[in-house]
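K.L.:
Handing over target-v5.pdb, PDB, C-alpha atoms.
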ATOM      1  CA  MET A  27     -23.982  17.321  50.731
ATOM      2  CA  ILE A  28     -26.213  19.818  48.982
ATOM      3  CA  ASP A  29     -25.937  23.527  49.892
ATOM      4  CA  VAL A  30     -29.052  25.714  49.892
ATOM      5  CA  LYS A  31     -29.161  29.462  50.554
ATOM      6  CA  ILE A  32     -32.425  30.886  51.898
ATOM      7  CA  CYS A  33     -32.693  34.586  52.736
ATOM      8  CA  LEU A  34     -35.019  35.808  55.488
ATOM      9  CA  ILE A  35     -36.013  39.390  54.747
ATOM     10  CA  GLY A  36     -38.558  41.809  56.099
ATOM     11  CA  PRO A  37     -38.959  44.856  58.313
ATOM     12  CA  SER A  38     -37.068  45.474  61.539
ATOM     13  CA  MET A  39     -38.425  43.755  64.644
ATOM     14  CA  ALA A  40     -40.215  41.065  62.616
ATOM     15  CA  GLY A  41     -38.570  38.183  64.499
ATOM     16  CA  LYS A  42     -36.187  37.007  61.728
ATOM     17  CA  THR A  43     -33.141  36.684  63.996
ATOM     18  CA  TYR A  44     -35.077  34.978  66.790
ATOM     19  CA  LEU A  45     -36.595  32.545  64.289
ATOM     20  CA  SER A  46     -33.266  31.677  62.654
ATOM     21  CA  LYS A  47     -31.550  31.228  66.032
ATOM     22  CA  LEU A  48     -34.377  28.999  67.269
ATOM     23  CA  LEU A  49     -34.083  26.825  64.180
ATOM     24  CA  ALA A  50     -30.301  26.601  64.494
ATOM     25  CA  GLU A  51     -30.785  25.894  68.207
ATOM     26  CA  THR A  52     -28.591  28.808  69.229
ATOM     27  CA  ALA A  53     -31.278  30.904  70.961
ATOM     28  CA  SER A  54     -30.573  31.624  74.628
ATOM     29  CA  SER A  55     -33.253  31.769  77.323
ATOM     30  CA  GLN A  56     -33.063  35.586  77.307
ATOM     31  CA  GLU A  57     -32.987  35.813  73.490
ATOM     32  CA  ASN A  58     -36.038  37.897  72.792
ATOM     33  CA  SER A  59     -36.034  40.120  75.876
ATOM     34  CA  LEU A  60     -33.945  42.933  74.366
ATOM     35  CA  TYR A  61     -34.082  43.977  70.739
ATOM     36  CA  GLU A  62     -30.701  44.194  69.021
ATOM     37  CA  PRO A  63     -30.988  44.985  65.304
ATOM     38  CA  THR A  64     -29.035  42.873  62.841
ATOM     39  CA  ALA A  65     -26.180  44.764  61.219
ATOM     40  CA  GLY A  66     -26.152  43.635  57.584
ATOM     41  CA  CYS A  67     -26.567  39.869  57.676
ATOM     42  CA  ARG A  68     -26.229  36.922  60.059
ATOM     43  CA  ILE A  69     -25.944  33.356  58.732
ATOM     44  CA  GLN A  70     -27.238  30.327  60.636
ATOM     45  CA  GLU A  71     -26.710  26.829  59.258
ATOM     46  CA  LEU A  72     -28.967  23.804  59.601
ATOM     47  CA  ASP A  73     -28.021  20.258  58.629
ATOM     48  CA  ARG A  74     -31.170  18.549  57.357
ATOM     49  CA  LYS A  75     -32.205  15.316  55.670
ATOM     50  CA  ILE A  76     -34.693  16.198  52.952
ATOM     51  CA  GLY A  77     -36.919  14.267  50.596
ATOM     52  CA  GLN A  78     -37.657  10.662  49.877
ATOM     53  CA  TYR A  79     -33.963   9.848  49.450
ATOM     54  CA  ASN A  80     -32.939  11.628  52.670
ATOM     55  CA  ASP A  81     -30.590  13.970  50.814
ATOM     56  CA  ARG A  82     -28.188  15.616  53.287
ATOM     57  CA  VAL A  83     -28.616  19.354  52.949
ATOM     58  CA  ASN A  84     -26.757  22.259  54.488
ATOM     59  CA  VAL A  85     -29.442  24.951  54.719
ATOM     60  CA  GLN A  86     -27.959  28.411  55.141
ATOM     61  CA  LEU A  87     -30.460  30.845  56.643
ATOM     62  CA  TRP A  88     -29.320  34.351  55.755
ATOM     63  CA  ASP A  89     -30.942  36.607  58.350
ATOM     64  CA  CYS A  90     -30.936  39.959  56.538
ATOM     65  CA  ALA A  91     -31.190  43.239  58.444
ATOM     66  CA  GLY A  92     -34.594  44.887  58.330
ATOM     67  CA  ASP A  93     -33.434  48.481  58.543
ATOM     68  CA  PRO A  94     -33.994  50.259  55.197
ATOM     69  CA  LYS A  95     -30.465  51.684  55.410
ATOM     70  CA  HIS A  96     -29.217  48.152  54.624
ATOM     71  CA  GLN A  97     -31.237  47.802  51.394
ATOM     72  CA  SER A  98     -28.141  48.795  49.430
ATOM     73  CA  CYS A  99     -26.701  45.395  50.490
ATOM     74  CA  LEU A 100     -29.554  43.456  48.865
ATOM     75  CA  PRO A 101     -27.803  42.813  45.512
ATOM     76  CA  ALA A 102     -24.960  41.052  47.358
ATOM     77  CA  LEU A 103     -27.415  39.108  49.527
ATOM     78  CA  ALA A 104     -29.540  38.118  46.520
ATOM     79  CA  ARG A 105     -26.549  36.604  44.732
ATOM     80  CA  ASP A 106     -26.925  32.824  44.393
ATOM     81  CA  VAL A 107     -30.060  32.789  46.565
ATOM     82  CA  ASN A 108     -32.155  29.631  46.207
ATOM     83  CA  GLY A 109     -35.200  30.556  48.274
ATOM     84  CA  LEU A 110     -36.745  33.477  50.088
ATOM     85  CA  ILE A 111     -38.788  33.765  53.270
ATOM     86  CA  LEU A 112     -40.507  37.092  53.827
ATOM     87  CA  CYS A 113     -40.984  37.565  57.577
ATOM     88  CA  TYR A 114     -43.134  40.067  59.391
ATOM     89  CA  ASN A 115     -44.558  40.544  62.872
ATOM     90  CA  CYS A 116     -48.299  40.104  62.329
ATOM     91  CA  GLU A 117     -49.007  41.882  65.623
ATOM     92  CA  ARG A 118     -47.776  45.161  64.149
ATOM     93  CA  ASP A 119     -50.105  46.883  61.691
ATOM     94  CA  ASP A 120     -47.336  48.658  59.772
ATOM     95  CA  GLN A 121     -45.383  45.545  58.814
ATOM     96  CA  GLU A 122     -47.586  44.044  56.066
ATOM     97  CA  ALA A 123     -47.241  47.114  53.867
ATOM     98  CA  GLU A 124     -43.536  47.358  54.649
ATOM     99  CA  LEU A 125     -43.068  43.689  53.749
ATOM    100  CA  GLU A 126     -44.310  44.316  50.220
ATOM    101  CA  LYS A 127     -41.648  47.032  49.852
ATOM    102  CA  TRP A 128     -38.957  44.568  50.974
ATOM    103  CA  TYR A 129     -40.184  41.977  48.505
ATOM    104  CA  GLN A 130     -40.043  44.513  45.678
ATOM    105  CA  ALA A 131     -36.612  45.767  46.762
ATOM    106  CA  PHE A 132     -35.267  42.194  46.800
ATOM    107  CA  ALA A 133     -36.777  41.510  43.372
ATOM    108  CA  ASN A 134     -35.133  44.661  42.020
ATOM    109  CA  ALA A 135     -31.828  43.582  43.597
ATOM    110  CA  GLY A 136     -31.530  40.530  41.374
ATOM    111  CA  MET A 137     -34.020  37.992  42.642
ATOM    112  CA  GLY A 138     -35.450  37.631  39.140
ATOM    113  CA  ASN A 139     -34.273  34.020  38.960
ATOM    114  CA  LEU A 140     -36.595  32.975  41.804
ATOM    115  CA  VAL A 141     -40.024  31.667  40.944
ATOM    116  CA  THR A 142     -42.932  32.238  43.324
ATOM    117  CA  SER A 143     -42.917  28.557  44.342
ATOM    118  CA  LEU A 144     -39.551  29.232  46.031
ATOM    119  CA  VAL A 145     -40.833  32.202  48.051
ATOM    120  CA  ARG A 146     -42.802  31.955  51.302
ATOM    121  CA  VAL A 147     -44.362  34.500  53.662
ATOM    122  CA  MET A 148     -44.051  33.789  57.375
ATOM    123  CA  ALA A 149     -46.170  35.800  59.807
ATOM    124  CA  ILE A 150     -44.453  35.708  63.197
ATOM    125  CA  LYS A 151     -46.581  36.136  66.287
ATOM    126  CA  LEU A 152     -44.650  36.723  69.500
ATOM    127  CA  THR A 153     -47.553  36.317  71.924
ATOM    128  CA  PRO A 154     -49.826  33.259  72.087
ATOM    129  CA  GLY A 155     -53.490  33.674  71.298
ATOM    130  CA  GLN A 156     -55.773  33.681  68.317
ATOM    131  CA  THR A 157     -53.921  33.850  65.013
ATOM    132  CA  ARG A 158     -55.249  35.795  62.099
ATOM    133  CA  GLN A 159     -56.270  33.699  59.116
ATOM    134  CA  GLU A 160     -56.738  36.544  56.631
ATOM    135  CA  PHE A 161     -53.729  38.209  55.109
ATOM    136  CA  GLY A 162     -54.122  41.678  53.656
ATOM    137  CA  MET A 163     -51.457  41.116  51.032
ATOM    138  CA  GLN A 164     -52.143  42.421  47.569
ATOM    139  CA  GLY A 165     -50.831  41.663  44.074
ATOM    140  CA  LYS A 166     -47.908  39.248  43.819
ATOM    141  CA  MET A 167     -47.750  38.845  47.593
ATOM    142  CA  LYS A 168     -51.255  37.359  47.718
ATOM    143  CA  LYS A 169     -50.151  34.476  45.446
ATOM    144  CA  LEU A 170     -47.377  33.371  47.813
ATOM    145  CA  GLN A 171     -47.737  30.595  50.361
ATOM    146  CA  HIS A 172     -48.405  32.023  53.857
ATOM    147  CA  THR A 173     -47.790  30.493  57.288
ATOM    148  CA  THR A 174     -48.259  31.896  60.781
ATOM    149  CA  VAL A 175     -45.895  30.764  63.534
ATOM    150  CA  VAL A 176     -46.197  31.618  67.223
ATOM    151  CA  LEU A 177     -42.797  32.217  68.828
ATOM    152  CA  PRO A 178     -43.136  33.285  72.482
ATOM    153  CA  PRO A 179     -40.043  35.093  73.858
ATOM    154  CA  HIS A 180     -38.906  32.145  76.025
ATOM    155  CA  PRO A 181     -37.333  29.566  73.629
ATOM    156  CA  PRO A 182     -38.722  26.434  75.377
ATOM    157  CA  ASP A 183     -42.228  27.870  74.871
ATOM    158  CA  ALA A 184     -41.524  28.420  71.151
ATOM    159  CA  LYS A 185     -40.942  24.749  70.259
ATOM    160  CA  GLU A 186     -44.258  24.274  68.425
ATOM    161  CA  GLY A 187     -43.823  27.451  66.369
ATOM    162  CA  ALA A 188     -40.225  26.480  65.563
ATOM    163  CA  ARG A 189     -41.414  22.999  64.496
ATOM    164  CA  ILE A 190     -43.956  24.540  62.092
ATOM    165  CA  ALA A 191     -41.340  26.961  60.717
ATOM    166  CA  LEU A 192     -38.883  24.097  60.231
ATOM    167  CA  GLN A 193     -41.517  22.121  58.304
ATOM    168  CA  GLU A 194     -41.953  25.130  56.007
ATOM    169  CA  ILE A 195     -38.195  25.458  55.516
ATOM    170  CA  ASP A 196     -37.942  21.724  54.777
ATOM    171  CA  ALA A 197     -40.759  21.991  52.207
ATOM    172  CA  LEU A 198     -39.088  25.025  50.626
ATOM    173  CA  THR A 199     -35.724  23.216  50.583
ATOM    174  CA  GLU A 200     -37.335  20.190  48.929
ATOM    175  CA  ALA A 201     -38.855  22.470  46.266
ATOM    176  CA  ILE A 202     -35.426  24.042  45.688
ATOM    177  CA  ILE A 203     -33.790  20.635  45.253
ATOM    178  CA  ALA A 204     -36.571  19.466  42.904
ATOM    179  CA  ARG A 205     -36.128  22.607  40.787
ATOM    180  CA  ARG A 206     -32.356  22.030  40.618
ATOM    181  CA  LYS A 207     -32.852  18.426  39.506
ATOM    182  CA  GLU A 208     -35.410  19.543  36.903
ATOM    183  CA  LYS A 209     -32.942  22.088  35.510
ATOM    184  CA  GLU A 210     -30.177  19.467  35.427
ATOM    185  CA  GLN A 211     -32.411  17.084  33.482
ATOM    186  CA  GLN A 212     -33.326  19.829  31.016
ATOM    187  CA  GLY A 213     -29.628  20.519  30.525
ATOM    188  CA  ASP A 214     -28.989  16.854  29.724
ATOM    189  CA  GLU A 215     -31.554  16.833  26.899
TER     190      GLU A 215
END
Since I need it in another form, could you write the structure as structure tokens?
P.N.:
Amino acid sequence: MIDVKICLIGPSMAGKTYLSKLLAETASSQENSLYEPTAGCRIQELDRKIGQYNDRVNVQLWDCAGDPKHQSCLPALARDVNGLILCYNCERDDQEAELEKWYQAFANAGMGNLVTSLVRVMAIKLTPGQTRQEFGMQGKMKKLQHTTVVLPPHPPDAKEGARIALQEIDALTEAIIARRKEKEQQGDE
């Protein structure tokens, strides 16, 4: 089995915990009714079959706290990371700008070994309705792959958004595995 570590980072109240619990199928019916901030980090694991050879992969989703007081933990969280998902609540105007700060803080914490193809931006929308197609991201953030997922507070209603998010995580995991294999082949030469 292949192990993959993907960190979910972003501002508080972005939906990172709800998303990771939905994907790990541990979200309760009352999950999103009361906000409880993550203290440090919460790890959810997903067993997936990835790629044309159906490689068995243990995907570890590291749900990192969004409170700036936890940014001092980022070097430990960034250690051995294989992929990064930047999450923000696209219904809150302040979160896009804050997300760029998180991305920079994670990069400064030791994410230098990650290439942009192993980083995704996930806009989380907690109420159904029209989704925004334009992202106001600037600089490096604009070059990253963006996806919007709708995750209503009641988990059964969030199945479609969770399916889209899982497709993104599978694609990211496949890119991580391909990069590993490429590096292994380069080492053999």
K.L.:
Translate the PyMOL selection byres ((chain A and resi 206) around 12), as applied to the file shown, into an explicit residue set as a list in words.
P.N.:
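That selection, the PyMOL selection byres ((chain A and resi 206) around 12), comes back as Ile28, Asp29, Val30, Asn108, Gly109, Leu140, Leu144, Thr199, Glu200, Ala201, Ile202, Ile203, Ala204, Arg205, Lys207, Glu208, Lys209, Glu210, Gln211, Gln212 and Gly213 of chain A.
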K.L.:
Give the answer as one residue: which of A:Leu198, A:Ala50, A:Ala91, A:Leu100 has the shortest atom-to-atom distance to Asn134 of chain A, using only C-alpha atoms?
P.N.:
A:Leu100
K.L.:
Using only C-alpha atoms, determine which residues lie at most 9 Å from Tyr114 of chain A, disregarding the query and same-chain residues fewer than 6 positions distant; provide the list as number ranges by chain.
P.N.:
A: 35-42, 121-122, 124-125, 147-151
K.L.:
Please produce a file of those selected residues containing C-alpha atoms, as a PDB file, keeping the file's coordinate frame.
P.N.:
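And here's result_19.pdb as it stands now:
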ATOM      1  CA  ILE A  35     -36.013  39.390  54.747  1.00  0.00           C
ATOM      2  CA  GLY A  36     -38.558  41.809  56.099  1.00  0.00           C
ATOM      3  CA  PRO A  37     -38.959  44.856  58.313  1.00  0.00           C
ATOM      4  CA  SER A  38     -37.068  45.474  61.539  1.00  0.00           C
ATOM      5  CA  MET A  39     -38.425  43.755  64.644  1.00  0.00           C
ATOM      6  CA  ALA A  40     -40.215  41.065  62.616  1.00  0.00           C
ATOM      7  CA  GLY A  41     -38.570  38.183  64.499  1.00  0.00           C
ATOM      8  CA  LYS A  42     -36.187  37.007  61.728  1.00  0.00           C
ATOM      9  CA  GLN A 121     -45.383  45.545  58.814  1.00  0.00           C
ATOM     10  CA  GLU A 122     -47.586  44.044  56.066  1.00  0.00           C
ATOM     11  CA  GLU A 124     -43.536  47.358  54.649  1.00  0.00           C
ATOM     12  CA  LEU A 125     -43.068  43.689  53.749  1.00  0.00           C
ATOM     13  CA  VAL A 147     -44.362  34.500  53.662  1.00  0.00           C
ATOM     14  CA  MET A 148     -44.051  33.789  57.375  1.00  0.00           C
ATOM     15  CA  ALA A 149     -46.170  35.800  59.807  1.00  0.00           C
ATOM     16  CA  ILE A 150     -44.453  35.708  63.197  1.00  0.00           C
ATOM     17  CA  LYS A 151     -46.581  36.136  66.287  1.00  0.00           C
TER      18      LYS A 151
END
K.L.:
Starting from the displayed file, determine the output of the PyMOL selection byres ((chain A and resi 111) around 6) and express the residue list as a ChimeraX atom specification.
P.N.:
/A:34,110,112,145-147
K.L.:
Rank nothing, just name the residue among A:Ala135, A:Cys67, A:Val85, A:Leu49 nearest to Ala191 of chain A, using all atoms listed in the file.
P.N.:
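Using all atoms listed in the file, the shortest distance to Ala191 of chain A belongs to A:Leu49.
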K.L.:
What is the distance between atom CA of Ala131 of chain A and atom CA of Leu152 of chain A, in Å to one decimal?
P.N.:
25.8 Å
K.L.:
List the residues selected by the PyMOL selection byres ((chain A and resi 188) around 8) in the file shown, writing them as a PDB file with C-alpha atoms, in the frame of the given file.
P.N.:
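Written out: out_32.pdb:
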ATOM      1  CA  LEU A  45     -36.595  32.545  64.289  1.00  0.00           C
ATOM      2  CA  LEU A  48     -34.377  28.999  67.269  1.00  0.00           C
ATOM      3  CA  LEU A  49     -34.083  26.825  64.180  1.00  0.00           C
ATOM      4  CA  VAL A 175     -45.895  30.764  63.534  1.00  0.00           C
ATOM      5  CA  LEU A 177     -42.797  32.217  68.828  1.00  0.00           C
ATOM      6  CA  ALA A 184     -41.524  28.420  71.151  1.00  0.00           C
ATOM      7  CA  LYS A 185     -40.942  24.749  70.259  1.00  0.00           C
ATOM      8  CA  GLU A 186     -44.258  24.274  68.425  1.00  0.00           C
ATOM      9  CA  GLY A 187     -43.823  27.451  66.369  1.00  0.00           C
ATOM     10  CA  ARG A 189     -41.414  22.999  64.496  1.00  0.00           C
ATOM     11  CA  ILE A 190     -43.956  24.540  62.092  1.00  0.00           C
ATOM     12  CA  ALA A 191     -41.340  26.961  60.717  1.00  0.00           C
ATOM     13  CA  LEU A 192     -38.883  24.097  60.231  1.00  0.00           C
TER      14      LEU A 192
END
K.L.:
In terms of the shortest atom-to-atom distance over only C-alpha atoms, which of A:Gln193, A:Gly77, A:Thr142, A:Gly66 is closest to Ser98 of chain A?
P.N.:
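Using only C-alpha atoms, the shortest distance to Ser98 of chain A belongs to A:Gly66.
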K.L.:
Do a neighbour search on Leu87 of chain A at 7 Å with only C-alpha atoms, toss out local chain neighbours closer than 3 positions, and write the hits as a list in words.
P.N.:
Lys31, Ile32, Cys33, Leu34, Ser46, Ile69, Gln70 and Glu71 of chain A
K.L.:
To one decimal place, how far is atom CA of Pro182 of chain A from atom CA of Leu72 of chain A in Å?
P.N.:
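Separating atom CA of Pro182 of chain A from atom CA of Leu72 of chain A is a distance of 18.7 Å.
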K.L.:
Box along x, y and z, 5 Å on every side, all listed atoms of segment 71-87 of chain A inside: centre and edge lengths in Å to one decimal, as JSON.
P.N.:
{"center_x": -32.2, "center_y": 20.3, "center_z": 54.5, "size_x": 20.9, "size_y": 31.0, "size_z": 20.2}
K.L.:
Separation of atom CA of Pro178 of chain A and atom CA of Thr153 of chain A, in Å?
P.N.:
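One can read the atom CA of Pro178 of chain A to atom CA of Thr153 of chain A distance as 5.4 Å.
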K.L.:
Because some atoms of segment 119-151 of chain A are absent here, can you restore N, CA and C atoms and send them as a tab-separated table (two decimals), keeping the file's coordinate frame?
P.N.:
chain	number	residue	atom	x	y	z
A	119	ASP	N	-49.32	46.50	62.87
A	119	ASP	CA	-50.10	46.88	61.69
A	119	ASP	C	-49.26	47.40	60.54
A	120	ASP	N	-48.15	48.03	60.82
A	120	ASP	CA	-47.34	48.66	59.77
A	120	ASP	C	-46.50	47.66	58.96
A	121	GLN	N	-46.36	46.43	59.43
A	121	GLN	CA	-45.38	45.54	58.81
A	121	GLN	C	-45.84	44.87	57.52
A	122	GLU	N	-47.14	44.66	57.33
A	122	GLU	CA	-47.59	44.04	56.07
A	122	GLU	C	-47.24	44.92	54.87
A	123	ALA	N	-47.54	46.20	54.97
A	123	ALA	CA	-47.24	47.11	53.87
A	123	ALA	C	-45.73	47.23	53.66
A	124	GLU	N	-44.99	47.26	54.75
A	124	GLU	CA	-43.54	47.36	54.65
A	124	GLU	C	-42.94	46.09	54.02
A	125	LEU	N	-43.56	44.95	54.29
A	125	LEU	CA	-43.07	43.69	53.75
A	125	LEU	C	-43.12	43.69	52.23
A	126	GLU	N	-44.19	44.24	51.68
A	126	GLU	CA	-44.31	44.32	50.22
A	126	GLU	C	-43.17	45.15	49.62
A	127	LYS	N	-42.78	46.21	50.31
A	127	LYS	CA	-41.65	47.03	49.85
A	127	LYS	C	-40.35	46.23	49.87
A	128	TRP	N	-40.15	45.40	50.90
A	128	TRP	CA	-38.96	44.57	50.97
A	128	TRP	C	-38.93	43.54	49.85
A	129	TYR	N	-40.08	42.96	49.58
A	129	TYR	CA	-40.18	41.98	48.50
A	129	TYR	C	-39.81	42.62	47.17
A	130	GLN	N	-40.34	43.79	46.92
A	130	GLN	CA	-40.04	44.51	45.68
A	130	GLN	C	-38.58	44.91	45.61
A	131	ALA	N	-38.03	45.37	46.73
A	131	ALA	CA	-36.61	45.77	46.76
A	131	ALA	C	-35.71	44.56	46.48
A	132	PHE	N	-36.07	43.40	47.03
A	132	PHE	CA	-35.27	42.19	46.80
A	132	PHE	C	-35.38	41.76	45.35
A	133	ALA	N	-36.57	41.85	44.79
A	133	ALA	CA	-36.78	41.51	43.37
A	133	ALA	C	-35.94	42.42	42.49
A	134	ASN	N	-35.92	43.70	42.80
A	134	ASN	CA	-35.13	44.66	42.02
A	134	ASN	C	-33.63	44.44	42.20
A	135	ALA	N	-33.24	43.79	43.29
A	135	ALA	CA	-31.83	43.58	43.60
A	135	ALA	C	-31.25	42.36	42.89
A	136	GLY	N	-32.07	41.66	42.12
A	136	GLY	CA	-31.53	40.53	41.37
A	136	GLY	C	-32.17	39.20	41.69
A	137	MET	N	-33.34	39.23	42.30
A	137	MET	CA	-34.02	37.99	42.64
A	137	MET	C	-34.82	37.46	41.46
A	138	GLY	N	-34.66	38.01	40.29
A	138	GLY	CA	-35.45	37.63	39.14
A	138	GLY	C	-35.42	36.15	38.81
A	139	ASN	N	-34.37	35.44	39.26
A	139	ASN	CA	-34.27	34.02	38.96
A	139	ASN	C	-35.13	33.15	39.88
A	140	LEU	N	-35.74	33.74	40.90
A	140	LEU	CA	-36.60	32.98	41.80
A	140	LEU	C	-38.03	32.96	41.30
A	141	VAL	N	-38.62	31.79	41.30
A	141	VAL	CA	-40.02	31.67	40.94
A	141	VAL	C	-40.84	31.72	42.23
A	142	THR	N	-42.11	32.06	42.12
A	142	THR	CA	-42.93	32.24	43.32
A	142	THR	C	-43.04	30.97	44.16
A	143	SER	N	-42.85	29.79	43.55
A	143	SER	CA	-42.92	28.56	44.34
A	143	SER	C	-41.73	28.43	45.30
A	144	LEU	N	-40.71	29.27	45.15
A	144	LEU	CA	-39.55	29.23	46.03
A	144	LEU	C	-39.53	30.42	46.98
A	145	VAL	N	-40.69	31.06	47.14
A	145	VAL	CA	-40.83	32.20	48.05
A	145	VAL	C	-41.98	31.90	49.01
A	146	ARG	N	-41.77	32.15	50.29
A	146	ARG	CA	-42.80	31.96	51.30
A	146	ARG	C	-42.95	33.23	52.12
A	147	VAL	N	-44.13	33.41	52.72
A	147	VAL	CA	-44.36	34.50	53.66
A	147	VAL	C	-44.62	33.86	55.03
A	148	MET	N	-43.89	34.32	56.04
A	148	MET	CA	-44.05	33.79	57.38
A	148	MET	C	-44.46	34.92	58.31
A	149	ALA	N	-45.68	34.84	58.82
A	149	ALA	CA	-46.17	35.80	59.81
A	149	ALA	C	-45.72	35.30	61.17
A	150	ILE	N	-44.97	36.10	61.89
A	150	ILE	CA	-44.45	35.71	63.20
A	150	ILE	C	-45.26	36.41	64.27
A	151	LYS	N	-45.77	35.63	65.18
A	151	LYS	CA	-46.58	36.14	66.29
A	151	LYS	C	-45.80	35.85	67.56
